[in-house]
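See below for the structure under consideration.
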Amino acid sequence: MVSTSVPKPSPTSYEFLFKRDIEFRQETIYFVVVDRFHDGDPANNPGPNPELYDATRQDWTKYWGGDLQGVIDKLDYLQGMGVTALWLTPLFEQVERLAYQKYAAIHGYWTRDFKRINPRYVAAGETTSLFQAQETTFDRLIAEAHRRGMKIILDIVCNHSSPEAGGVKGQLFDDGKLIADFNDDKNHWYHHYGEVSNWDDEWQVQNCELSGLATFNENNASYRNYIKGAIKLWLDRGVDALRVDTVKHMPAWFWQEFIADLLTHRPDVFVFGEWIYNHPSDGKSAAFANSSGMSLLDFGFAMAARRAIGKNEEGGFHLVNELFELDHHYDGANELVTFIDNHDMLRFQSLNSDPLALRLAVVLLMTSRGIPCIYYGTEQELHNDTNVGDGQPYENNDPYNRPMMEKWDTDTPIYRVLAILTQLRRLNPAISLGRHRSMHVTPDVYVFTRSYRQSRCTVALNKSDQPITLENLFVDLPDRRYVCFLTKRRFEVKEGRIARLRIDPKQALVLSHIGPAVRGQTVVRVQLNGMQTQLGETLCVSGNCPELGNWDIQKAPALEYINANTWFGEISFDESAGKPIVYKYVIRRTDEHGVILDQPRRENLVCRRWWLAPEGIVKWRDYWERA
C-alpha cells in the first residue's frame, strides 16, 4: 500500500511522474506545405539566394513565396473549417543551392541548420536563431494559433541533412557554426555506405543513403545530442507536436532514446512518424508503432481508401473493412494519423476527378478510427494532373501534387462537410475514442458504427451510381428519431434497427447519438493492451481508492472492448485526485444481473503505482501483466 503521507510532487517540476502524454485523438490535422500555401509577406520572397525564387510560379522546382505570415493570415479560414492542429513542413534553415541539378529545398527536408528558422518564412531582417529574442513571425504564429485553441505540429527529419548541391553535401551548422561535412567527415557524423540497393535488407535501409541524401550516423553521441537539443529548442518556443520523417531508416533504439529525452523535457508532446507504406500485416512497422514511443501515419488506411473509392478497385469497401479487422496488430489504432493523400503521392482527385468521390473519402476519413489529417487545398478540390501517368495509388507526381493554394472559399462542399464533421468529432467521443463495428459491407456500400459508452455514430456510404436500400439493418443506435448531419434526412431507429435505409448514389449519411460525458476533477483515460478475453469476460480496474472500488471487484470500474488487443475506458477521480494510488487489472465474468460468476483473474504482478494529477485528463497506457 502506498502511504498517503508522501509529500505531493510539484506539478511544475515533477509533472511527468503523474501526467503522461497529451490527448490528440479528438484533433483534426491540416497539413500545409508552407511555400505553397499563401504569400503573406512578399518582401521575404527573394531569400538568401534570389535565383531559387520564381515570381511567375511557373517553375515547380523553385520557391513560390508562401511563408508563415501567410499561414497567420489564414488561421481564421482554417478555424472556420474546424482545424485544431496545423502540421507545417520543416521550418529549419535549408540549403540555398539547387540539388539534383534543378531542385530547391521548397519542401524543407534538406536541412542546413536545425537551430535556425528558414529566413524565407519570416520577415526580412528578423533573427533566425532560436537562441535570440522570441519576436519572430514564427512566434506570432504560435501565439495566434494558441489563441484560437489550435496546436502547431512541426515536421522534423533526423535521418539525413542534404544531398549534393553545387559541390557541397551534408554541411551541418549549429546556430551558424559548421560542425559536420559529409565530404570532410573527421568526426564520423555521417554513414558512408552509398545508396540503398536492396530495399529488403534492413541494414541497408537503416544505414545507406536514401536518394543521395547525407545520412546521419546515429551511433555518434555528438550527433544525437545535437539533434535532440535542437528539437527541444523548437518545443520551448511553443511547438505542440512533432511529425517525424523517414522513421524506418533509423533503428528503433535511436527513436526510443530520442522520444524518451523529448518526453522528459516536454511530457505533453504528441509524436507521429512516417514509415512509408506501413500496414498492420507488416510486422516490422506494426512493432515499431507499438514500441518506439510514437504513433504512425496510417498508410494502410490511405491505400485502402484510395483503392476502394479513388480507383474503384474490385473488392471496393471490403478493402477498407479488411484493414480495420487488422487493428489488433496495433496497441493504439485510434491514435494512428489517417489521410487520403499527401505531398508524396498523387492527390486524391488525380486518381478520381469526381468531387462526389472525394466527398465520400473525406467522410470516411473524418468518421473512422484514427486522427484525421487533411492535405492543404483538399477543401478547394486543389490538384494538378501534370505527369499523373496511369494513376496508380502509390504513384507520386511531385512536384505537381504541391500546387499553390488558389482559393479560400468557405462555401465549397468539402469545406462545409469538414466544418460539420470536425465539430461532431469534438462532441461525440465514439468517433475519436470508440470501437469500430462494420454493420454492412459490399464493394459499393459500407455501413459502420462507432461506439463508446452510451455514445454512437453510424455512417453509411454508397459509392455506386445507383440508390441502395437496406432492409431491417441493425445499426446499434438507441431507439429514437435521427436527422442526418449531412443530408438532413430523417430516420427512425426501433430495437436498434432502421427498417428501410435508402442511400442515394454517391451519398454519405451520418447519424449521431451523444451520451453523457465522463466528468471529474481528474479523468483518467485508461488503455490496456495484450490480453485476449473470451465472450462474457470484462476487464476492470481494481485499486485502493473509492473510485476503483477499494479492492472490491464488484465495484471495480469496467473498460470497454475496442479490438482483440485493446480495452479502453475513462474513470473519474474526485476524492483521490492529486493522491498516490495503486491498482491492477482484473478479468471478471458476470451474469445478466452483474453478479460475478466465478473467481476473477487478477494480473500476476505487484500492483501498479501512480500519483494522480490533481486535475485534468491523464492517460494510462498499460500492458497486461507487464509493469
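Following the order of the C-alpha cells, chains are lettered A, B, ..., residues in each are numbered from 1, and ligands are numbered from 1.
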- Item | A:Ile259 environment, 9 Å, only C-alpha atoms, sequence neighbours closer than 4 positions dropped, as an MDAnalysis selection string | chainID A and resid 254:255 263:264 271 292:294
- Query: Near stretch 499-509 of chain A, counting only C-alpha atoms, which residues have an atom at most 9 Å away, once you skip same-chain residues fewer than 2 positions from it, shown as a ChimeraX atom specification?
  - Reply: /A:356-357,359-360,363-364,445,458-474,484-487,489,491-494,497,511
- Item | Top pick for closest residue to A:Pro600, considering A:Arg148, A:His279, A:Arg480, A:Arg588 and counting only C-alpha atoms | A:Arg588
- Message: Using only C-alpha atoms, can you tell me which of A:Val582, A:Leu433, A:Cys208, A:Val475 comes closest to A:Val447?
- Response: A:Val475
List every residue of stretch 508-589 of chain A that has an atom at most 12 Å from any atom of stretch 322-344 of chain A, and for each one report the closest atom pair and its distance in Å to one decimal, counting only C-alpha atoms, with rows sorted by chain and then by increasing residue number, as a Markdown table.
| residue | atom | partner | partner_atom | distance |
| --- | --- | --- | --- | --- |
| A:Val526 | CA | A:Gly332 | CA | 11.8 |
| A:Gln527 | CA | A:Gly332 | CA | 8.6 |
| A:Leu528 | CA | A:Asp331 | CA | 8.4 |
| A:Asn529 | CA | A:Asp331 | CA | 6.1 |
| A:Gly530 | CA | A:Asp331 | CA | 8.1 |
| A:Met531 | CA | A:His328 | CA | 10.9 |
| A:Gln532 | CA | A:His328 | CA | 10.2 |
| A:Tyr561 | CA | A:His328 | CA | 11.2 |
| A:Ile562 | CA | A:His328 | CA | 8.9 |
| A:Asn563 | CA | A:His328 | CA | 5.7 |
| A:Ala564 | CA | A:His328 | CA | 5.4 |
| A:Asn565 | CA | A:His328 | CA | 4.8 |
| A:Thr566 | CA | A:Asp331 | CA | 6.5 |
| A:Trp567 | CA | A:Asp331 | CA | 9.8 |
| A:Phe568 | CA | A:Gly332 | CA | 10.2 |
Would you output that residue set with all heavy atoms, as a compact mmCIF listing (two decimals), in the first residue's frame?
# COMPACT_ATOMS: atom_id res chain seq x y z
N VAL A 526 -7.92 5.23 -19.58
CA VAL A 526 -7.17 4.00 -19.35
C VAL A 526 -7.17 3.17 -20.63
O VAL A 526 -8.23 2.90 -21.20
CB VAL A 526 -7.81 3.18 -18.21
CG1 VAL A 526 -6.97 1.94 -17.93
CG2 VAL A 526 -7.96 4.04 -16.96
N GLN A 527 -6.00 2.74 -21.05
CA GLN A 527 -5.89 1.82 -22.18
C GLN A 527 -5.06 0.62 -21.76
O GLN A 527 -3.95 0.78 -21.24
CB GLN A 527 -5.23 2.51 -23.38
CG GLN A 527 -5.04 1.59 -24.58
CD GLN A 527 -4.48 2.31 -25.77
OE1 GLN A 527 -5.12 3.18 -26.34
NE2 GLN A 527 -3.26 1.96 -26.17
N LEU A 528 -5.59 -0.57 -21.98
CA LEU A 528 -4.88 -1.82 -21.66
C LEU A 528 -4.75 -2.65 -22.92
O LEU A 528 -5.72 -2.87 -23.64
CB LEU A 528 -5.62 -2.62 -20.59
CG LEU A 528 -4.94 -3.93 -20.19
CD1 LEU A 528 -3.65 -3.67 -19.43
CD2 LEU A 528 -5.88 -4.81 -19.37
N ASN A 529 -3.53 -3.11 -23.17
CA ASN A 529 -3.25 -3.98 -24.32
C ASN A 529 -2.74 -5.34 -23.85
O ASN A 529 -2.35 -5.51 -22.69
CB ASN A 529 -2.19 -3.35 -25.24
CG ASN A 529 -2.65 -2.07 -25.87
OD1 ASN A 529 -2.14 -0.99 -25.58
ND2 ASN A 529 -3.63 -2.16 -26.75
N GLY A 530 -2.76 -6.29 -24.77
CA GLY A 530 -2.07 -7.55 -24.53
C GLY A 530 -2.84 -8.62 -23.81
O GLY A 530 -2.24 -9.61 -23.37
N MET A 531 -4.18 -8.49 -23.68
CA MET A 531 -4.96 -9.53 -23.02
C MET A 531 -6.12 -9.92 -23.90
O MET A 531 -6.99 -9.10 -24.20
CB MET A 531 -5.48 -9.04 -21.66
CG MET A 531 -6.27 -10.10 -20.92
SD MET A 531 -5.28 -11.55 -20.58
CE MET A 531 -6.53 -12.82 -20.57
N GLN A 532 -6.15 -11.16 -24.35
CA GLN A 532 -7.26 -11.63 -25.17
C GLN A 532 -8.32 -12.26 -24.26
O GLN A 532 -8.03 -13.20 -23.53
CB GLN A 532 -6.78 -12.66 -26.20
CG GLN A 532 -5.85 -12.05 -27.24
CD GLN A 532 -5.52 -13.02 -28.36
OE1 GLN A 532 -5.99 -14.15 -28.36
NE2 GLN A 532 -4.71 -12.57 -29.30
N TYR A 561 -14.39 -2.87 -24.68
CA TYR A 561 -13.68 -3.59 -25.73
C TYR A 561 -13.57 -2.71 -26.97
O TYR A 561 -14.56 -2.19 -27.46
CB TYR A 561 -14.44 -4.88 -26.07
CG TYR A 561 -13.86 -5.70 -27.19
CD1 TYR A 561 -12.93 -6.70 -26.92
CD2 TYR A 561 -14.26 -5.50 -28.51
CE1 TYR A 561 -12.40 -7.47 -27.96
CE2 TYR A 561 -13.74 -6.25 -29.54
CZ TYR A 561 -12.81 -7.23 -29.27
OH TYR A 561 -12.30 -8.00 -30.29
N ILE A 562 -12.34 -2.53 -27.46
CA ILE A 562 -12.11 -1.78 -28.69
C ILE A 562 -11.77 -2.74 -29.83
O ILE A 562 -12.35 -2.69 -30.90
CB ILE A 562 -10.98 -0.74 -28.51
CG1 ILE A 562 -11.33 0.24 -27.37
CG2 ILE A 562 -10.74 0.01 -29.82
CD1 ILE A 562 -12.57 1.06 -27.60
N ASN A 563 -10.80 -3.61 -29.59
CA ASN A 563 -10.49 -4.69 -30.52
C ASN A 563 -9.79 -5.80 -29.73
O ASN A 563 -9.65 -5.69 -28.51
CB ASN A 563 -9.64 -4.19 -31.71
CG ASN A 563 -8.32 -3.57 -31.27
OD1 ASN A 563 -7.55 -4.18 -30.53
ND2 ASN A 563 -8.05 -2.36 -31.75
N ALA A 564 -9.36 -6.84 -30.42
CA ALA A 564 -8.83 -8.01 -29.73
C ALA A 564 -7.58 -7.73 -28.93
O ALA A 564 -7.15 -8.56 -28.12
CB ALA A 564 -8.55 -9.13 -30.75
N ASN A 565 -6.97 -6.55 -29.11
CA ASN A 565 -5.76 -6.19 -28.38
C ASN A 565 -5.95 -5.02 -27.45
O ASN A 565 -5.05 -4.69 -26.68
CB ASN A 565 -4.64 -5.88 -29.39
CG ASN A 565 -3.34 -5.50 -28.74
OD1 ASN A 565 -2.93 -6.09 -27.73
ND2 ASN A 565 -2.65 -4.53 -29.29
N THR A 566 -7.10 -4.37 -27.47
CA THR A 566 -7.24 -3.10 -26.76
C THR A 566 -8.55 -3.00 -26.00
O THR A 566 -9.63 -3.24 -26.57
CB THR A 566 -7.15 -1.92 -27.75
OG1 THR A 566 -5.94 -2.02 -28.50
CG2 THR A 566 -7.19 -0.58 -27.02
N TRP A 567 -8.45 -2.64 -24.72
CA TRP A 567 -9.60 -2.24 -23.90
C TRP A 567 -9.35 -0.80 -23.47
O TRP A 567 -8.22 -0.39 -23.21
CB TRP A 567 -9.73 -3.15 -22.68
CG TRP A 567 -10.25 -4.53 -23.00
CD1 TRP A 567 -9.57 -5.54 -23.62
CD2 TRP A 567 -11.56 -5.04 -22.72
NE1 TRP A 567 -10.37 -6.64 -23.75
CE2 TRP A 567 -11.59 -6.36 -23.20
CE3 TRP A 567 -12.69 -4.51 -22.11
CZ2 TRP A 567 -12.72 -7.16 -23.08
CZ3 TRP A 567 -13.81 -5.30 -21.99
CH2 TRP A 567 -13.84 -6.62 -22.47
N PHE A 568 -10.45 -0.04 -23.36
CA PHE A 568 -10.31 1.38 -23.08
C PHE A 568 -11.47 1.86 -22.23
O PHE A 568 -12.59 1.35 -22.32
CB PHE A 568 -10.27 2.18 -24.39
CG PHE A 568 -10.26 3.67 -24.20
CD1 PHE A 568 -9.08 4.33 -23.91
CD2 PHE A 568 -11.43 4.42 -24.29
CE1 PHE A 568 -9.06 5.71 -23.72
CE2 PHE A 568 -11.43 5.79 -24.10
CZ PHE A 568 -10.24 6.43 -23.81
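Going from atom CA of A:Val34 to atom CA of A:Gly66 covers 5.6 Å.
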Can you write out as a tab-separated table which residues of stretch 122-154 of chain A fall within 7 Å of stretch 223-245 of chain A, alongside each residue's closest atom pair and its distance in Å to one decimal, counting only C-alpha atoms and ordering rows by chain and ascending residue number?
residue	atom	partner	partner_atom	distance
A:Leu130	CA	A:Leu233	CA	6.7
A:Ile142	CA	A:Gly238	CA	6.3
A:Lys151	CA	A:Asp240	CA	5.8
A:Ile152	CA	A:Asp240	CA	5.4
A:Ile153	CA	A:Ala241	CA	4.5
A:Leu154	CA	A:Leu242	CA	5.0
- Task: Give the strand (DSSP E or B) residues of stretch 189-243 of chain A, as assigned by DSSP on the backbone, as a list in words.
- Result: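 Matching residues, listed in order: Tyr190, Glu195, Glu209, Thr215, Phe216, Ala241, Leu242 and Arg243 of chain A.
The closest residue to A:Met345, picked from A:Val122, A:Val523, A:Ile276, A:Ile587 and counting only C-alpha atoms, is A:Ile276.
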- Test item: residues at most 6 Å from A:Glu274, only C-alpha atoms, excluding those fewer than 6 positions along its chain, as a PyMOL selection string: chain A and resi 245-247+296-297
If you run DSSP on this backbone, which residues of stretch 401-553 of chain A come out as helix (DSSP H, G or I), and could you give them as a JSON list (two decimals) with N, CA, C and O atoms, in the first residue's frame?
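Output below, filename part_4.json:
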[["chain", "number", "residue", "atom", "x", "y", "z"],
["A", 413, "PRO", "N", -18.37, 22.44, -51.06],
["A", 413, "PRO", "CA", -18.96, 21.25, -50.43],
["A", 413, "PRO", "C", -18.04, 20.59, -49.40],
["A", 413, "PRO", "O", -18.50, 20.19, -48.33],
["A", 414, "ILE", "N", -16.76, 20.48, -49.71],
["A", 414, "ILE", "CA", -15.85, 19.80, -48.77],
["A", 414, "ILE", "C", -15.60, 20.67, -47.55],
["A", 414, "ILE", "O", -15.53, 20.17, -46.42],
["A", 415, "TYR", "N", -15.46, 21.98, -47.73],
["A", 415, "TYR", "CA", -15.28, 22.88, -46.58],
["A", 415, "TYR", "C", -16.46, 22.73, -45.63],
["A", 415, "TYR", "O", -16.29, 22.64, -44.41],
["A", 416, "ARG", "N", -17.69, 22.71, -46.18],
["A", 416, "ARG", "CA", -18.88, 22.61, -45.33],
["A", 416, "ARG", "C", -18.93, 21.25, -44.62],
["A", 416, "ARG", "O", -19.27, 21.19, -43.43],
["A", 417, "VAL", "N", -18.60, 20.19, -45.33],
["A", 417, "VAL", "CA", -18.59, 18.86, -44.71],
["A", 417, "VAL", "C", -17.57, 18.81, -43.57],
["A", 417, "VAL", "O", -17.85, 18.29, -42.49],
["A", 418, "LEU", "N", -16.39, 19.36, -43.80],
["A", 418, "LEU", "CA", -15.36, 19.37, -42.76],
["A", 418, "LEU", "C", -15.80, 20.20, -41.56],
["A", 418, "LEU", "O", -15.55, 19.81, -40.41],
["A", 419, "ALA", "N", -16.42, 21.34, -41.79],
["A", 419, "ALA", "CA", -16.89, 22.17, -40.68],
["A", 419, "ALA", "C", -17.89, 21.41, -39.82],
["A", 419, "ALA", "O", -17.89, 21.54, -38.58],
["A", 420, "ILE", "N", -18.73, 20.60, -40.45],
["A", 420, "ILE", "CA", -19.72, 19.81, -39.70],
["A", 420, "ILE", "C", -19.06, 18.66, -38.94],
["A", 420, "ILE", "O", -19.29, 18.46, -37.74],
["A", 421, "LEU", "N", -18.21, 17.90, -39.65],
["A", 421, "LEU", "CA", -17.67, 16.67, -39.05],
["A", 421, "LEU", "C", -16.55, 16.93, -38.05],
["A", 421, "LEU", "O", -16.37, 16.14, -37.12],
["A", 422, "THR", "N", -15.81, 18.02, -38.21],
["A", 422, "THR", "CA", -14.80, 18.34, -37.20],
["A", 422, "THR", "C", -15.48, 18.66, -35.87],
["A", 422, "THR", "O", -15.01, 18.26, -34.80],
["A", 423, "GLN", "N", -16.60, 19.37, -35.95],
["A", 423, "GLN", "CA", -17.34, 19.68, -34.72],
["A", 423, "GLN", "C", -17.93, 18.41, -34.11],
["A", 423, "GLN", "O", -17.88, 18.21, -32.89],
["A", 424, "LEU", "N", -18.46, 17.53, -34.95],
["A", 424, "LEU", "CA", -19.03, 16.28, -34.45],
["A", 424, "LEU", "C", -17.96, 15.42, -33.77],
["A", 424, "LEU", "O", -18.23, 14.80, -32.74],
["A", 425, "ARG", "N", -16.77, 15.38, -34.35],
["A", 425, "ARG", "CA", -15.67, 14.62, -33.73],
["A", 425, "ARG", "C", -15.37, 15.13, -32.32],
["A", 425, "ARG", "O", -15.04, 14.35, -31.43],
["A", 426, "ARG", "N", -15.45, 16.43, -32.14],
["A", 426, "ARG", "CA", -15.15, 17.00, -30.82],
["A", 426, "ARG", "C", -16.26, 16.70, -29.82],
["A", 426, "ARG", "O", -16.00, 16.58, -28.62],
["A", 427, "LEU", "N", -17.49, 16.58, -30.31],
["A", 427, "LEU", "CA", -18.63, 16.41, -29.41],
["A", 427, "LEU", "C", -18.93, 14.94, -29.10],
["A", 427, "LEU", "O", -19.36, 14.62, -27.99],
["A", 429, "PRO", "N", -17.64, 11.35, -28.43],
["A", 429, "PRO", "CA", -16.42, 10.58, -28.13],
["A", 429, "PRO", "C", -16.36, 9.23, -28.82],
["A", 429, "PRO", "O", -15.28, 8.63, -28.91],
["A", 430, "ALA", "N", -17.50, 8.73, -29.32],
["A", 430, "ALA", "CA", -17.47, 7.45, -30.02],
["A", 430, "ALA", "C", -16.58, 7.51, -31.25],
["A", 430, "ALA", "O", -15.92, 6.52, -31.60],
["A", 431, "ILE", "N", -16.51, 8.66, -31.90],
["A", 431, "ILE", "CA", -15.72, 8.78, -33.13],
["A", 431, "ILE", "C", -14.23, 8.79, -32.83],
["A", 431, "ILE", "O", -13.45, 8.15, -33.53],
["A", 432, "SER", "N", -13.82, 9.48, -31.79],
["A", 432, "SER", "CA", -12.40, 9.61, -31.52],
["A", 432, "SER", "C", -11.85, 8.54, -30.58],
["A", 432, "SER", "O", -10.67, 8.20, -30.64],
["A", 433, "LEU", "N", -12.71, 7.99, -29.71],
["A", 433, "LEU", "CA", -12.22, 7.07, -28.68],
["A", 433, "LEU", "C", -12.73, 5.64, -28.83],
["A", 433, "LEU", "O", -12.19, 4.73, -28.22],
["A", 546, "PRO", "N", -11.57, 4.82, -3.49],
["A", 546, "PRO", "CA", -13.01, 4.66, -3.71],
["A", 546, "PRO", "C", -13.38, 4.55, -5.18],
["A", 546, "PRO", "O", -14.26, 3.77, -5.55],
["A", 547, "GLU", "N", -12.70, 5.32, -6.03],
["A", 547, "GLU", "CA", -13.04, 5.33, -7.44],
["A", 547, "GLU", "C", -12.75, 3.99, -8.11],
["A", 547, "GLU", "O", -13.33, 3.67, -9.16],
["A", 548, "LEU", "N", -11.85, 3.19, -7.52],
["A", 548, "LEU", "CA", -11.51, 1.87, -8.07],
["A", 548, "LEU", "C", -12.08, 0.75, -7.21],
["A", 548, "LEU", "O", -11.65, -0.40, -7.31],
["A", 549, "GLY", "N", -13.03, 1.09, -6.35],
["A", 549, "GLY", "CA", -13.76, 0.08, -5.59],
["A", 549, "GLY", "C", -13.11, -0.37, -4.31],
["A", 549, "GLY", "O", -13.62, -1.29, -3.66],
["A", 550, "ASN", "N", -11.99, 0.25, -3.91],
["A", 550, "ASN", "CA", -11.29, -0.18, -2.69],
["A", 550, "ASN", "C", -11.08, -1.70, -2.67],
["A", 550, "ASN", "O", -11.33, -2.37, -1.68],
["A", 551, "TRP", "N", -10.64, -2.23, -3.78],
["A", 551, "TRP", "CA", -10.32, -3.65, -3.97],
["A", 551, "TRP", "C", -11.54, -4.55, -4.04],
["A", 551, "TRP", "O", -11.40, -5.77, -4.14],
["A", 553, "ILE", "N", -13.98, -6.20, -6.19],
["A", 553, "ILE", "CA", -14.05, -6.46, -7.63],
["A", 553, "ILE", "C", -15.43, -6.09, -8.18],
["A", 553, "ILE", "O", -15.57, -5.65, -9.32]]
- So which residues touch stretch 212-222 of chain A within 6 Å, counting only C-alpha atoms, skipping near sequence neighbours fewer than 4 positions away, as number ranges by chain? A: 159-163, 170, 189-191
